[in-house]
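The data block below is input.cif; it holds mmCIF, C-alpha atoms.
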data_input
loop_
_atom_site.label_atom_id
_atom_site.label_comp_id
_atom_site.auth_asym_id
_atom_site.auth_seq_id
_atom_site.Cartn_x
_atom_site.Cartn_y
_atom_site.Cartn_z
CA MET A 22 0.00 0.00 0.00
CA VAL A 23 2.92 2.32 0.69
CA ALA A 24 4.18 1.63 -2.78
CA LYS A 25 0.78 2.51 -4.20
CA SER A 26 0.65 5.98 -2.67
CA GLU A 27 4.18 6.58 -3.82
CA LYS A 28 3.15 5.59 -7.33
CA LYS A 29 0.35 8.14 -7.14
CA GLY A 30 2.85 10.87 -6.31
CA ILE A 31 5.04 10.03 -9.30
CA ASP A 32 1.97 9.58 -11.49
CA ALA A 33 0.78 13.11 -10.66
CA ILE A 34 4.09 14.43 -12.03
CA LEU A 35 4.05 12.13 -15.06
CA ARG A 36 0.54 13.29 -15.93
CA LYS A 37 1.89 16.74 -16.79
CA PRO A 38 2.61 17.02 -20.53
CA LEU A 39 5.54 19.29 -19.67
CA THR A 40 7.21 16.41 -17.79
CA ALA A 41 6.60 14.11 -20.75
CA GLY A 42 8.10 16.66 -23.16
CA ILE A 43 11.23 17.12 -21.08
CA ILE A 44 11.73 13.36 -20.61
CA ILE A 45 11.23 12.65 -24.33
CA GLY A 46 13.81 15.35 -25.19
CA PHE A 47 16.28 13.79 -22.75
CA LEU A 48 15.65 10.27 -24.11
CA ALA A 49 16.05 11.42 -27.72
CA ALA A 50 19.49 12.80 -26.90
CA LEU A 51 20.45 9.73 -24.85
CA VAL A 52 19.38 7.39 -27.65
CA GLN A 53 21.46 9.32 -30.17
CA ALA A 54 24.47 9.17 -27.84
CA LEU A 55 24.11 5.37 -27.68
CA LEU A 56 22.98 4.48 -31.20
CA PHE A 57 24.47 7.05 -33.56
CA PRO A 58 27.50 4.80 -34.35
CA ALA A 59 25.02 2.31 -35.89
CA GLY A 60 24.02 4.91 -38.49
CA GLY A 61 22.39 8.28 -38.83
CA PRO A 62 20.73 10.58 -39.38
CA VAL A 63 21.12 13.00 -36.47
CA ALA A 64 18.10 14.18 -34.46
CA TYR A 65 16.45 10.80 -35.10
CA GLY A 66 15.85 9.67 -31.51
CA PHE A 67 12.09 9.75 -31.79
CA CYS A 68 9.88 10.20 -34.85
CA VAL A 69 6.52 8.54 -35.28
CA ALA A 70 6.47 8.97 -39.07
CA CYS A 71 10.06 7.96 -39.83
CA HIS A 72 10.20 5.11 -37.33
CA THR A 73 6.93 3.70 -38.71
CA ARG A 74 8.39 3.96 -42.21
CA ASP A 75 11.58 2.18 -41.13
CA LEU A 76 9.63 -0.64 -39.49
CA ILE A 77 7.35 -1.40 -42.43
CA VAL A 78 9.96 -0.78 -45.14
CA VAL A 79 12.59 -3.05 -43.56
CA ALA A 80 9.97 -5.77 -43.05
CA PHE A 81 8.86 -5.38 -46.69
CA ASN A 82 12.46 -5.39 -47.98
CA ASP A 83 13.20 -8.57 -46.03
CA ALA A 84 10.06 -10.31 -47.23
CA PHE A 85 10.18 -9.35 -50.91
CA GLY A 86 13.86 -8.63 -51.53
CA THR A 87 13.20 -5.00 -52.49
CA SER A 88 15.52 -2.15 -51.56
CA LEU A 89 13.19 0.67 -50.58
CA PHE A 90 14.69 3.57 -48.64
CA ALA A 91 14.81 3.53 -44.86
CA ALA A 92 17.12 5.42 -42.48
CA PRO A 93 20.70 4.03 -42.33
CA ILE A 94 20.27 3.20 -38.62
CA SER A 95 17.41 0.81 -39.49
CA LEU A 96 19.11 -0.71 -42.53
CA ALA A 97 22.34 -1.42 -40.64
CA GLY A 98 20.99 -3.84 -38.02
CA ALA A 99 19.23 -7.17 -38.17
CA LEU A 100 16.16 -5.35 -36.83
CA PRO A 101 15.02 -1.77 -37.52
CA VAL A 102 14.03 0.76 -34.84
CA LEU A 103 11.15 -0.72 -32.83
CA THR A 104 9.98 2.49 -31.17
CA ILE A 105 6.44 2.27 -32.56
CA ILE A 106 5.87 -1.24 -31.20
CA GLY A 107 7.23 0.01 -27.88
CA VAL A 108 4.82 2.95 -27.81
CA LEU A 109 1.84 0.68 -28.46
CA VAL A 110 2.97 -1.77 -25.77
CA GLY A 111 3.80 0.96 -23.23
CA ALA A 112 0.46 2.69 -23.69
CA VAL A 113 -1.45 -0.62 -23.39
CA ILE A 114 0.35 -1.43 -20.14
CA ALA A 115 -0.33 2.04 -18.70
CA SER A 116 -4.00 2.05 -19.74
CA LEU A 117 -4.55 -1.43 -18.25
CA ILE A 118 -2.79 -0.62 -14.97
CA TYR A 119 -4.76 2.62 -14.53
CA ARG A 120 -7.97 1.00 -15.80
CA GLU A 121 -8.37 3.44 -18.66
CA PHE A 122 -8.67 0.82 -21.38
CA ARG A 123 -12.08 1.21 -23.06
CA LEU A 124 -13.06 -0.40 -26.32
CA LYS A 125 -14.44 2.41 -28.51
CA LYS A 126 -16.01 1.40 -31.78
CA GLY A 127 -17.05 3.58 -34.68
CA ASN A 128 -19.02 2.94 -37.84
CA VAL A 129 -17.49 1.78 -41.12
CA LYS A 130 -17.58 5.32 -42.52
CA SER A 131 -15.46 6.61 -39.65
CA TYR A 132 -12.99 3.75 -40.06
CA VAL A 133 -12.53 4.60 -43.75
CA LYS A 134 -12.13 8.29 -42.86
CA TYR A 135 -9.47 7.54 -40.25
CA ALA A 136 -7.63 5.06 -42.47
CA LEU A 137 -7.47 7.60 -45.31
CA GLY A 138 -6.49 10.27 -42.79
CA GLY A 139 -3.63 8.13 -41.52
CA PHE A 140 -2.55 7.40 -45.08
CA PHE A 141 -2.36 11.04 -46.18
CA PHE A 142 -0.97 12.15 -42.84
CA MET A 143 1.93 9.76 -43.29
CA VAL A 144 2.56 10.78 -46.91
CA CYS A 145 2.69 14.46 -45.90
CA ALA A 146 4.84 13.77 -42.84
CA LEU A 147 7.37 11.80 -44.90
CA LEU A 148 7.36 14.60 -47.46
CA MET A 149 8.57 16.83 -44.62
CA GLY A 150 11.00 14.14 -43.47
CA ALA A 151 9.58 14.46 -39.99
CA CYS A 152 6.49 14.20 -37.84
CA PRO A 153 5.81 17.07 -35.40
CA TYR A 154 8.14 15.33 -32.93
CA ARG A 155 11.14 15.09 -35.18
CA ILE A 156 10.52 18.70 -36.22
CA ALA A 157 10.98 19.56 -32.53
CA LEU A 158 14.17 17.48 -32.34
CA ARG A 159 15.53 18.99 -35.56
CA ILE A 160 14.89 22.51 -34.26
CA GLY A 161 16.60 21.47 -31.02
CA TYR A 162 19.58 20.28 -33.08
CA GLY A 163 19.75 23.66 -34.80
CA ASP A 164 18.14 22.93 -38.18
CA LEU A 165 16.63 26.26 -39.24
CA ILE A 166 14.89 24.70 -42.26
CA ALA A 167 12.77 22.68 -39.81
CA VAL A 168 11.35 25.97 -38.50
CA PHE A 169 9.52 26.27 -41.85
CA GLY A 170 7.91 22.91 -41.08
CA LEU A 171 6.76 24.05 -37.64
CA ILE A 172 5.30 27.27 -39.07
CA ALA A 173 3.50 25.23 -41.75
CA ILE A 174 2.06 22.88 -39.09
CA ILE A 175 0.78 25.87 -37.07
CA VAL A 176 -0.86 27.30 -40.24
CA GLY A 177 -2.35 23.85 -40.92
CA VAL A 178 -3.78 23.58 -37.41
CA PHE A 179 -5.25 27.07 -37.80
CA ILE A 180 -6.97 26.03 -41.07
CA GLY A 181 -8.10 22.78 -39.45
CA VAL A 182 -9.67 24.65 -36.53
CA LYS A 183 -11.52 26.95 -38.97
CA ILE A 184 -12.83 23.92 -40.92
CA ALA A 185 -13.94 22.21 -37.70
CA LEU A 186 -15.77 25.35 -36.50
CA LYS A 187 -17.49 25.76 -39.90
CA LYS A 188 -18.65 22.13 -39.73
CA MET A 189 -20.04 22.61 -36.22
CA GLU A 190 -21.94 25.73 -37.33
CA ALA A 191 -23.42 23.85 -40.28
CA GLU A 192 -24.74 21.07 -38.02
CA MET B 22 34.06 9.73 -23.71
CA GLU B 23 34.24 7.48 -26.75
CA ALA B 24 31.08 6.48 -28.60
CA LEU B 25 30.18 2.78 -28.76
CA SER B 26 31.64 0.69 -31.56
CA LYS B 27 29.45 0.18 -34.62
CA ASP B 28 28.97 -3.55 -33.93
CA VAL B 29 27.68 -2.98 -30.40
CA ALA B 30 25.44 -0.08 -31.49
CA ILE B 31 23.82 -2.20 -34.21
CA ILE B 32 22.89 -4.90 -31.69
CA LEU B 33 21.53 -2.26 -29.33
CA VAL B 34 19.24 -0.59 -31.93
CA PRO B 35 16.14 -2.78 -31.45
CA ILE B 36 16.63 -3.18 -27.68
CA VAL B 37 17.13 0.50 -26.91
CA THR B 38 14.37 1.70 -29.24
CA ILE B 39 11.76 -0.70 -27.87
CA ILE B 40 12.53 0.42 -24.29
CA LEU B 41 12.40 4.04 -25.48
CA GLY B 42 9.03 3.36 -27.09
CA ILE B 43 7.58 1.75 -23.96
CA ILE B 44 8.60 4.75 -21.83
CA ILE B 45 7.18 7.22 -24.36
CA GLY B 46 3.98 5.15 -24.69
CA TRP B 47 3.57 5.18 -20.91
CA LEU B 48 4.18 8.95 -20.73
CA GLY B 49 1.87 9.57 -23.68
CA GLN B 50 -0.93 7.58 -22.06
CA ARG B 51 -0.60 9.24 -18.66
CA SER B 52 -0.25 12.82 -19.87
CA GLY B 53 -2.23 12.88 -23.12
CA PHE B 54 0.87 14.46 -24.69
CA CYS B 55 0.07 15.75 -28.18
CA SER B 56 1.92 18.26 -30.33
CA ILE B 57 -0.88 19.20 -32.70
CA GLY B 58 -3.39 19.10 -29.82
CA GLY B 59 -1.23 21.62 -27.99
CA ILE B 60 -1.29 24.11 -30.86
CA ARG B 61 -5.04 23.47 -31.38
CA ASP B 62 -5.92 24.03 -27.71
CA PHE B 63 -3.95 27.25 -27.69
CA ILE B 64 -5.66 28.60 -30.83
CA LEU B 65 -9.15 27.57 -29.67
CA PHE B 66 -9.09 28.10 -25.91
CA ARG B 67 -5.78 29.83 -25.14
CA GLN B 68 -5.04 26.72 -23.07
CA THR B 69 -1.34 25.99 -22.63
CA ARG B 70 -1.29 22.62 -20.80
CA LEU B 71 -0.40 20.52 -23.86
CA LEU B 72 1.51 23.30 -25.61
CA LYS B 73 3.89 23.54 -22.65
CA GLY B 74 4.76 19.89 -23.28
CA TYR B 75 5.66 20.51 -26.92
CA ILE B 76 7.69 23.65 -26.18
CA GLY B 77 9.32 21.75 -23.31
CA LEU B 78 10.32 19.03 -25.80
CA ILE B 79 12.06 21.51 -28.13
CA ILE B 80 13.95 23.18 -25.28
CA SER B 81 14.79 19.91 -23.54
CA ALA B 82 16.05 18.40 -26.82
CA PHE B 83 18.38 21.36 -27.33
CA VAL B 84 19.65 21.32 -23.72
CA PHE B 85 20.32 17.57 -23.67
CA TYR B 86 21.83 17.52 -27.17
CA PHE B 87 24.13 20.21 -25.85
CA ILE B 88 25.06 18.25 -22.71
CA PHE B 89 25.47 14.88 -24.47
CA SER B 90 27.42 16.40 -27.39
CA TRP B 91 29.90 17.55 -24.79
CA ILE B 92 30.13 14.07 -23.22
CA VAL B 93 30.17 12.00 -26.47
CA PRO B 94 31.14 14.46 -29.23
CA THR B 95 31.49 11.81 -31.97
CA ALA B 96 27.81 10.84 -31.69
CA PHE B 97 26.69 14.43 -32.33
CA PRO B 98 28.30 15.55 -35.60
CA LYS B 99 27.71 19.12 -36.76
CA PHE B 100 25.95 20.24 -33.59
CA ILE B 101 24.80 23.11 -33.48
CA TRP B 102 23.71 22.50 -37.08
CA PHE B 103 23.15 25.98 -38.49
CA LEU B 104 26.28 27.41 -36.87
CA GLN B 105 28.53 25.04 -38.85
CA GLU B 106 30.20 26.48 -41.90
CA GLY B 107 27.93 26.50 -44.95
CA GLN B 108 25.07 24.83 -43.12
CA LEU B 109 22.80 27.81 -42.55
CA PHE B 110 20.62 26.78 -45.50
CA THR B 111 21.00 23.00 -45.22
CA ALA B 112 18.39 20.66 -43.79
CA ILE B 113 19.14 17.67 -41.55
CA PRO B 114 18.71 14.58 -43.79
CA GLY B 115 15.56 12.49 -43.50
CA GLY B 116 13.23 13.99 -46.08
CA PRO B 117 13.29 13.10 -49.77
CA GLY B 118 16.99 12.97 -50.63
CA GLY B 119 18.85 14.84 -53.33
CA LEU B 120 16.54 17.85 -53.46
CA SER B 121 17.67 21.48 -53.59
CA ILE B 122 17.06 23.63 -50.55
CA ALA B 123 14.16 25.45 -52.25
CA ALA B 124 12.47 22.12 -53.06
CA THR B 125 13.05 20.92 -49.49
CA ILE B 126 11.37 24.03 -48.10
CA ILE B 127 8.42 23.58 -50.49
CA CYS B 128 8.05 19.96 -49.27
CA MET B 129 8.20 21.23 -45.67
CA LEU B 130 5.52 23.85 -46.25
CA VAL B 131 3.11 21.68 -48.25
CA GLY B 132 3.57 18.63 -46.00
CA GLY B 133 3.36 20.67 -42.81
CA VAL B 134 0.10 22.39 -43.68
CA PHE B 135 -1.63 19.08 -44.44
CA VAL B 136 -0.12 17.42 -41.36
CA GLY B 137 -1.65 20.25 -39.34
CA ILE B 138 -5.07 20.06 -41.01
CA ILE B 139 -5.43 16.26 -40.84
CA GLY B 140 -4.09 16.10 -37.28
CA THR B 141 -6.56 18.74 -36.12
CA LEU B 142 -9.62 17.26 -37.86
CA LEU B 143 -8.96 13.70 -36.68
CA GLY B 144 -8.20 14.63 -33.09
CA GLY B 145 -4.49 14.25 -32.73
CA CYS B 146 -0.95 13.90 -33.87
CA PRO B 147 0.41 10.43 -34.70
CA LEU B 148 1.68 9.76 -31.16
CA ARG B 149 -1.79 10.49 -29.76
CA GLN B 150 -3.32 8.15 -32.36
CA LEU B 151 -0.94 5.35 -31.32
CA VAL B 152 -1.80 5.91 -27.65
CA MET B 153 -5.56 6.05 -28.33
CA THR B 154 -5.23 2.80 -30.29
CA SER B 155 -3.66 1.21 -27.22
CA GLU B 156 -6.51 2.58 -25.08
CA GLY B 157 -8.93 0.61 -27.26
CA ASN B 158 -10.06 3.23 -29.79
CA LEU B 159 -10.69 1.35 -33.04
CA LYS B 160 -10.94 4.53 -35.14
CA SER B 161 -7.37 5.42 -34.15
CA GLY B 162 -6.45 1.82 -34.90
CA TRP B 163 -7.52 2.37 -38.48
CA PHE B 164 -5.54 5.62 -38.54
CA VAL B 165 -2.44 3.62 -37.57
CA ILE B 166 -3.14 1.02 -40.27
CA GLY B 167 -3.49 3.91 -42.74
CA MET B 168 -0.14 5.25 -41.51
CA PHE B 169 1.61 1.97 -42.25
CA ALA B 170 0.04 1.80 -45.71
CA GLY B 171 0.97 5.42 -46.39
CA ALA B 172 4.58 4.81 -45.35
CA LEU B 173 4.91 1.85 -47.71
CA ILE B 174 3.25 3.56 -50.69
CA PHE B 175 5.31 6.70 -50.09
CA SER B 176 8.59 4.78 -50.08
CA ALA B 177 7.66 2.62 -53.07
CA PHE B 178 6.16 5.26 -55.39
CA ILE B 179 5.59 8.80 -54.13
CA LEU B 180 9.20 9.44 -53.09
CA GLY B 181 10.34 8.82 -56.67
CA TRP B 182 7.55 10.98 -58.12
CA VAL B 183 8.47 13.89 -55.84
CA VAL B 184 12.14 13.75 -56.83
CA ASN B 185 11.24 13.47 -60.55
CA PHE B 186 8.78 16.35 -60.26
CA PHE B 187 11.36 18.74 -58.85
CA THR B 188 13.98 17.63 -61.39
CA LEU B 189 11.45 18.21 -64.17
CA ILE B 190 10.50 21.74 -63.16
CA GLY B 191 14.13 22.46 -62.38
CA ILE B 192 13.95 23.62 -58.78
#

Show this structure as structure tokens.
Amino acid sequence: MVAKSEKKGIDAILRKPLTAGIIIGFLAALVQALLFPAGGPVAYGFCVACHTRDLIVVAFNDAFGTSLFAAPISLAGALPVLTIIGVLVGAVIASLIYREFRLKKGNVKSYVKYALGGFFFMVCALLMGACPYRIALRIGYGDLIAVFGLIAIIVGVFIGVKIALKKMEAE
Amino acid sequence: MEALSKDVAIILVPIVTIILGIIIGWLGQRSGFCSIGGIRDFILFRQTRLLKGYIGLIISAFVFYFIFSWIVPTAFPKFIWFLQEGQLFTAIPGGPGGLSIAATIICMLVGGVFVGIIGTLLGGCPLRQLVMTSEGNLKSGWFVIGMFAGALIFSAFILGWVVNFFTLIGI
């Protein structure tokens, strides 16, 4: 029981997004310090888009003998970066422990919408060479070109908010 | 301190990245960390809870890159990026390769705007979608499936089209 109350104290800190942001920044730098000798690029510690790409592309290359592009760090090893699998596992564990796992279904139309959304999101993110997280890491590494990406994302969110408000008014 | 040897680093890639992912998944589930959500909440409600996390990530990445580049300099080449000679208008690799700087910025701007719009309309950045999938949200699950499909199609076809397009119009 003592351990439980202690867990609550730490959990209260971990529930702050600011804490999460600072820890992810630290881990991204730590991971680069450890893994950069395996292959680049720099500022690659955490990226949802690129790490997803590496995972599926390396699996596809292995299965079909193709040579599609993935980051050197993922092509070098026997296994690519497994961050995405880790995120899914970590979030499942946390949501089960804190009893926040709820099965939420939608209709077929919403599934198609989300699948297409994910598809185009990924295409656009890979066009940038970064998801919003790697943009943050690239800016942290001193890549001024990445600032254009962040500005574009902010403009996009602004447009998205306008569209969402219009839709709500129409309903 | 010396960086690890290439052989050791290659073996460590899957192990380190899966642990990294589990920690980030846990943090993401507990805090609801979301980059696009942070910008959206600020535009809509002037709420800074999530935005603080994203800004914290950028600052923390810079600070820890700085500290680690001092401890293991060989793992952090060309840090601080834009201060290196001739690098002011160079992007960190990761996007479509072999493009001019103007083309890279165009990719950044176009990709970023759509990343922002899609993320806002479908309720979150890719990390949030992964976490919501783990919490049992099937719509987000389809988003993730779409992401994997998008990554594969991008690498197999779209990447080549983009490079050809910019060569053709001569930017």

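Listed by chain and then by number, the residues chosen by the PyMOL selection byres ((chain A and resi 39-43) around 7) in this file are Ile34, Leu35, Lys37, Pro38, Ile44, Ile45, Gly46 and Phe47 of chain A; Leu48, Phe54, Lys73, Gly74, Tyr75, Gly77, Leu78 and Ser81 of chain B.
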
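We find CA of Ile126 (chain B) and CA of Phe169 (chain A) to be spaced 6.9 Å apart.
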
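Of the listed residues (A:Ile106, A:Leu100, A:Ile166, A:Val63), A:Leu100 comes nearest to Val34 (chain B); the distances count only C-alpha atoms.
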
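A straight line drawn from CA of Ala157 (chain A) to CA of Ile77 (chain A) is 23.5 Å long.
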
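Restricting the calculation to all atoms listed in the file, the smallest distance between Leu109 (chain B) and any of A:Gly98, A:Gly163, A:Gly30, A:Gly60 is found for A:Gly163.
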
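Going from CA of Pro35 (chain B) to CA of Ala172 (chain B) covers 19.6 Å.
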
Expand the PyMOL selection byres ((chain A and resi 153) around 12) into the individual residues it matches in the shown file, reporting them as a PDB file with C-alpha atoms, in the frame of the given file.
ATOM      1  CA  PHE A  67      12.090   9.750 -31.790  1.00  0.00           C
ATOM      2  CA  CYS A  68       9.880  10.200 -34.850  1.00  0.00           C
ATOM      3  CA  VAL A  69       6.520   8.540 -35.280  1.00  0.00           C
ATOM      4  CA  ALA A  70       6.470   8.970 -39.070  1.00  0.00           C
ATOM      5  CA  CYS A  71      10.060   7.960 -39.830  1.00  0.00           C
ATOM      6  CA  PHE A 142      -0.970  12.150 -42.840  1.00  0.00           C
ATOM      7  CA  MET A 143       1.930   9.760 -43.290  1.00  0.00           C
ATOM      8  CA  CYS A 145       2.690  14.460 -45.900  1.00  0.00           C
ATOM      9  CA  ALA A 146       4.840  13.770 -42.840  1.00  0.00           C
ATOM     10  CA  LEU A 147       7.370  11.800 -44.900  1.00  0.00           C
ATOM     11  CA  MET A 149       8.570  16.830 -44.620  1.00  0.00           C
ATOM     12  CA  GLY A 150      11.000  14.140 -43.470  1.00  0.00           C
ATOM     13  CA  ALA A 151       9.580  14.460 -39.990  1.00  0.00           C
ATOM     14  CA  CYS A 152       6.490  14.200 -37.840  1.00  0.00           C
ATOM     15  CA  TYR A 154       8.140  15.330 -32.930  1.00  0.00           C
ATOM     16  CA  ARG A 155      11.140  15.090 -35.180  1.00  0.00           C
ATOM     17  CA  ILE A 156      10.520  18.700 -36.220  1.00  0.00           C
ATOM     18  CA  ALA A 157      10.980  19.560 -32.530  1.00  0.00           C
ATOM     19  CA  LEU A 158      14.170  17.480 -32.340  1.00  0.00           C
ATOM     20  CA  ARG A 159      15.530  18.990 -35.560  1.00  0.00           C
ATOM     21  CA  ILE A 160      14.890  22.510 -34.260  1.00  0.00           C
ATOM     22  CA  ALA A 167      12.770  22.680 -39.810  1.00  0.00           C
ATOM     23  CA  VAL A 168      11.350  25.970 -38.500  1.00  0.00           C
ATOM     24  CA  PHE A 169       9.520  26.270 -41.850  1.00  0.00           C
ATOM     25  CA  GLY A 170       7.910  22.910 -41.080  1.00  0.00           C
ATOM     26  CA  LEU A 171       6.760  24.050 -37.640  1.00  0.00           C
ATOM     27  CA  ILE A 172       5.300  27.270 -39.070  1.00  0.00           C
ATOM     28  CA  ALA A 173       3.500  25.230 -41.750  1.00  0.00           C
ATOM     29  CA  ILE A 174       2.060  22.880 -39.090  1.00  0.00           C
ATOM     30  CA  ILE A 175       0.780  25.870 -37.070  1.00  0.00           C
ATOM     31  CA  GLY A 177      -2.350  23.850 -40.920  1.00  0.00           C
ATOM     32  CA  VAL A 178      -3.780  23.580 -37.410  1.00  0.00           C
TER      33      VAL A 178
ATOM     34  CA  CYS B  55       0.070  15.750 -28.180  1.00  0.00           C
ATOM     35  CA  SER B  56       1.920  18.260 -30.330  1.00  0.00           C
ATOM     36  CA  ILE B  57      -0.880  19.200 -32.700  1.00  0.00           C
ATOM     37  CA  GLY B  58      -3.390  19.100 -29.820  1.00  0.00           C
ATOM     38  CA  GLY B  59      -1.230  21.620 -27.990  1.00  0.00           C
ATOM     39  CA  ILE B  60      -1.290  24.110 -30.860  1.00  0.00           C
ATOM     40  CA  TYR B  75       5.660  20.510 -26.920  1.00  0.00           C
ATOM     41  CA  ILE B  76       7.690  23.650 -26.180  1.00  0.00           C
ATOM     42  CA  LEU B  78      10.320  19.030 -25.800  1.00  0.00           C
ATOM     43  CA  ILE B  79      12.060  21.510 -28.130  1.00  0.00           C
ATOM     44  CA  MET B 129       8.200  21.230 -45.670  1.00  0.00           C
ATOM     45  CA  GLY B 132       3.570  18.630 -46.000  1.00  0.00           C
ATOM     46  CA  GLY B 133       3.360  20.670 -42.810  1.00  0.00           C
ATOM     47  CA  VAL B 134       0.100  22.390 -43.680  1.00  0.00           C
ATOM     48  CA  PHE B 135      -1.630  19.080 -44.440  1.00  0.00           C
ATOM     49  CA  VAL B 136      -0.120  17.420 -41.360  1.00  0.00           C
ATOM     50  CA  GLY B 137      -1.650  20.250 -39.340  1.00  0.00           C
ATOM     51  CA  GLY B 140      -4.090  16.100 -37.280  1.00  0.00           C
ATOM     52  CA  GLY B 145      -4.490  14.250 -32.730  1.00  0.00           C
ATOM     53  CA  CYS B 146      -0.950  13.900 -33.870  1.00  0.00           C
ATOM     54  CA  PRO B 147       0.410  10.430 -34.700  1.00  0.00           C
ATOM     55  CA  LEU B 148       1.680   9.760 -31.160  1.00  0.00           C
ATOM     56  CA  ARG B 149      -1.790  10.490 -29.760  1.00  0.00           C
TER      57      ARG B 149
END

Result set of the PyMOL selection byres ((chain A and resi 125-135) around 8) on the coordinates above, as a ChimeraX atom specification: /A:123-124,136-139 /B:143,157-161,163-164,167

Selection: 10 Å around Glu23 (chain B), all atoms listed in the file, excl. self and same-chain fewer than 4 positions, as a PyMOL selection string: (chain A and resi 54) or (chain B and resi 92-96)

Test item: which residues lie within 7 Å of (25.0, 3.7, -32.6) counting all atoms listed in the file, as a list in words: Leu55, Leu56, Phe57, Pro58, Ala59 and Gly60 of chain A; Leu25, Lys27, Ala30 and Ile31 of chain B

Region 87-92 of chain A surroundings by all atoms listed in the file, 12 Å radius, close-in-sequence under 2 positions cut, as a count of residues only: 50

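Take the candidates B:Phe66, B:Phe187, B:Phe103, B:Phe87 and check each one against chain A using all atoms listed in the file; the shortest distance goes to B:Phe103.
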
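Shortest atom-to-atom contact with Gln150 (chain B) among A:Leu109, A:Thr104, A:Ile31, A:Ala185: A:Leu109, counting only C-alpha atoms.
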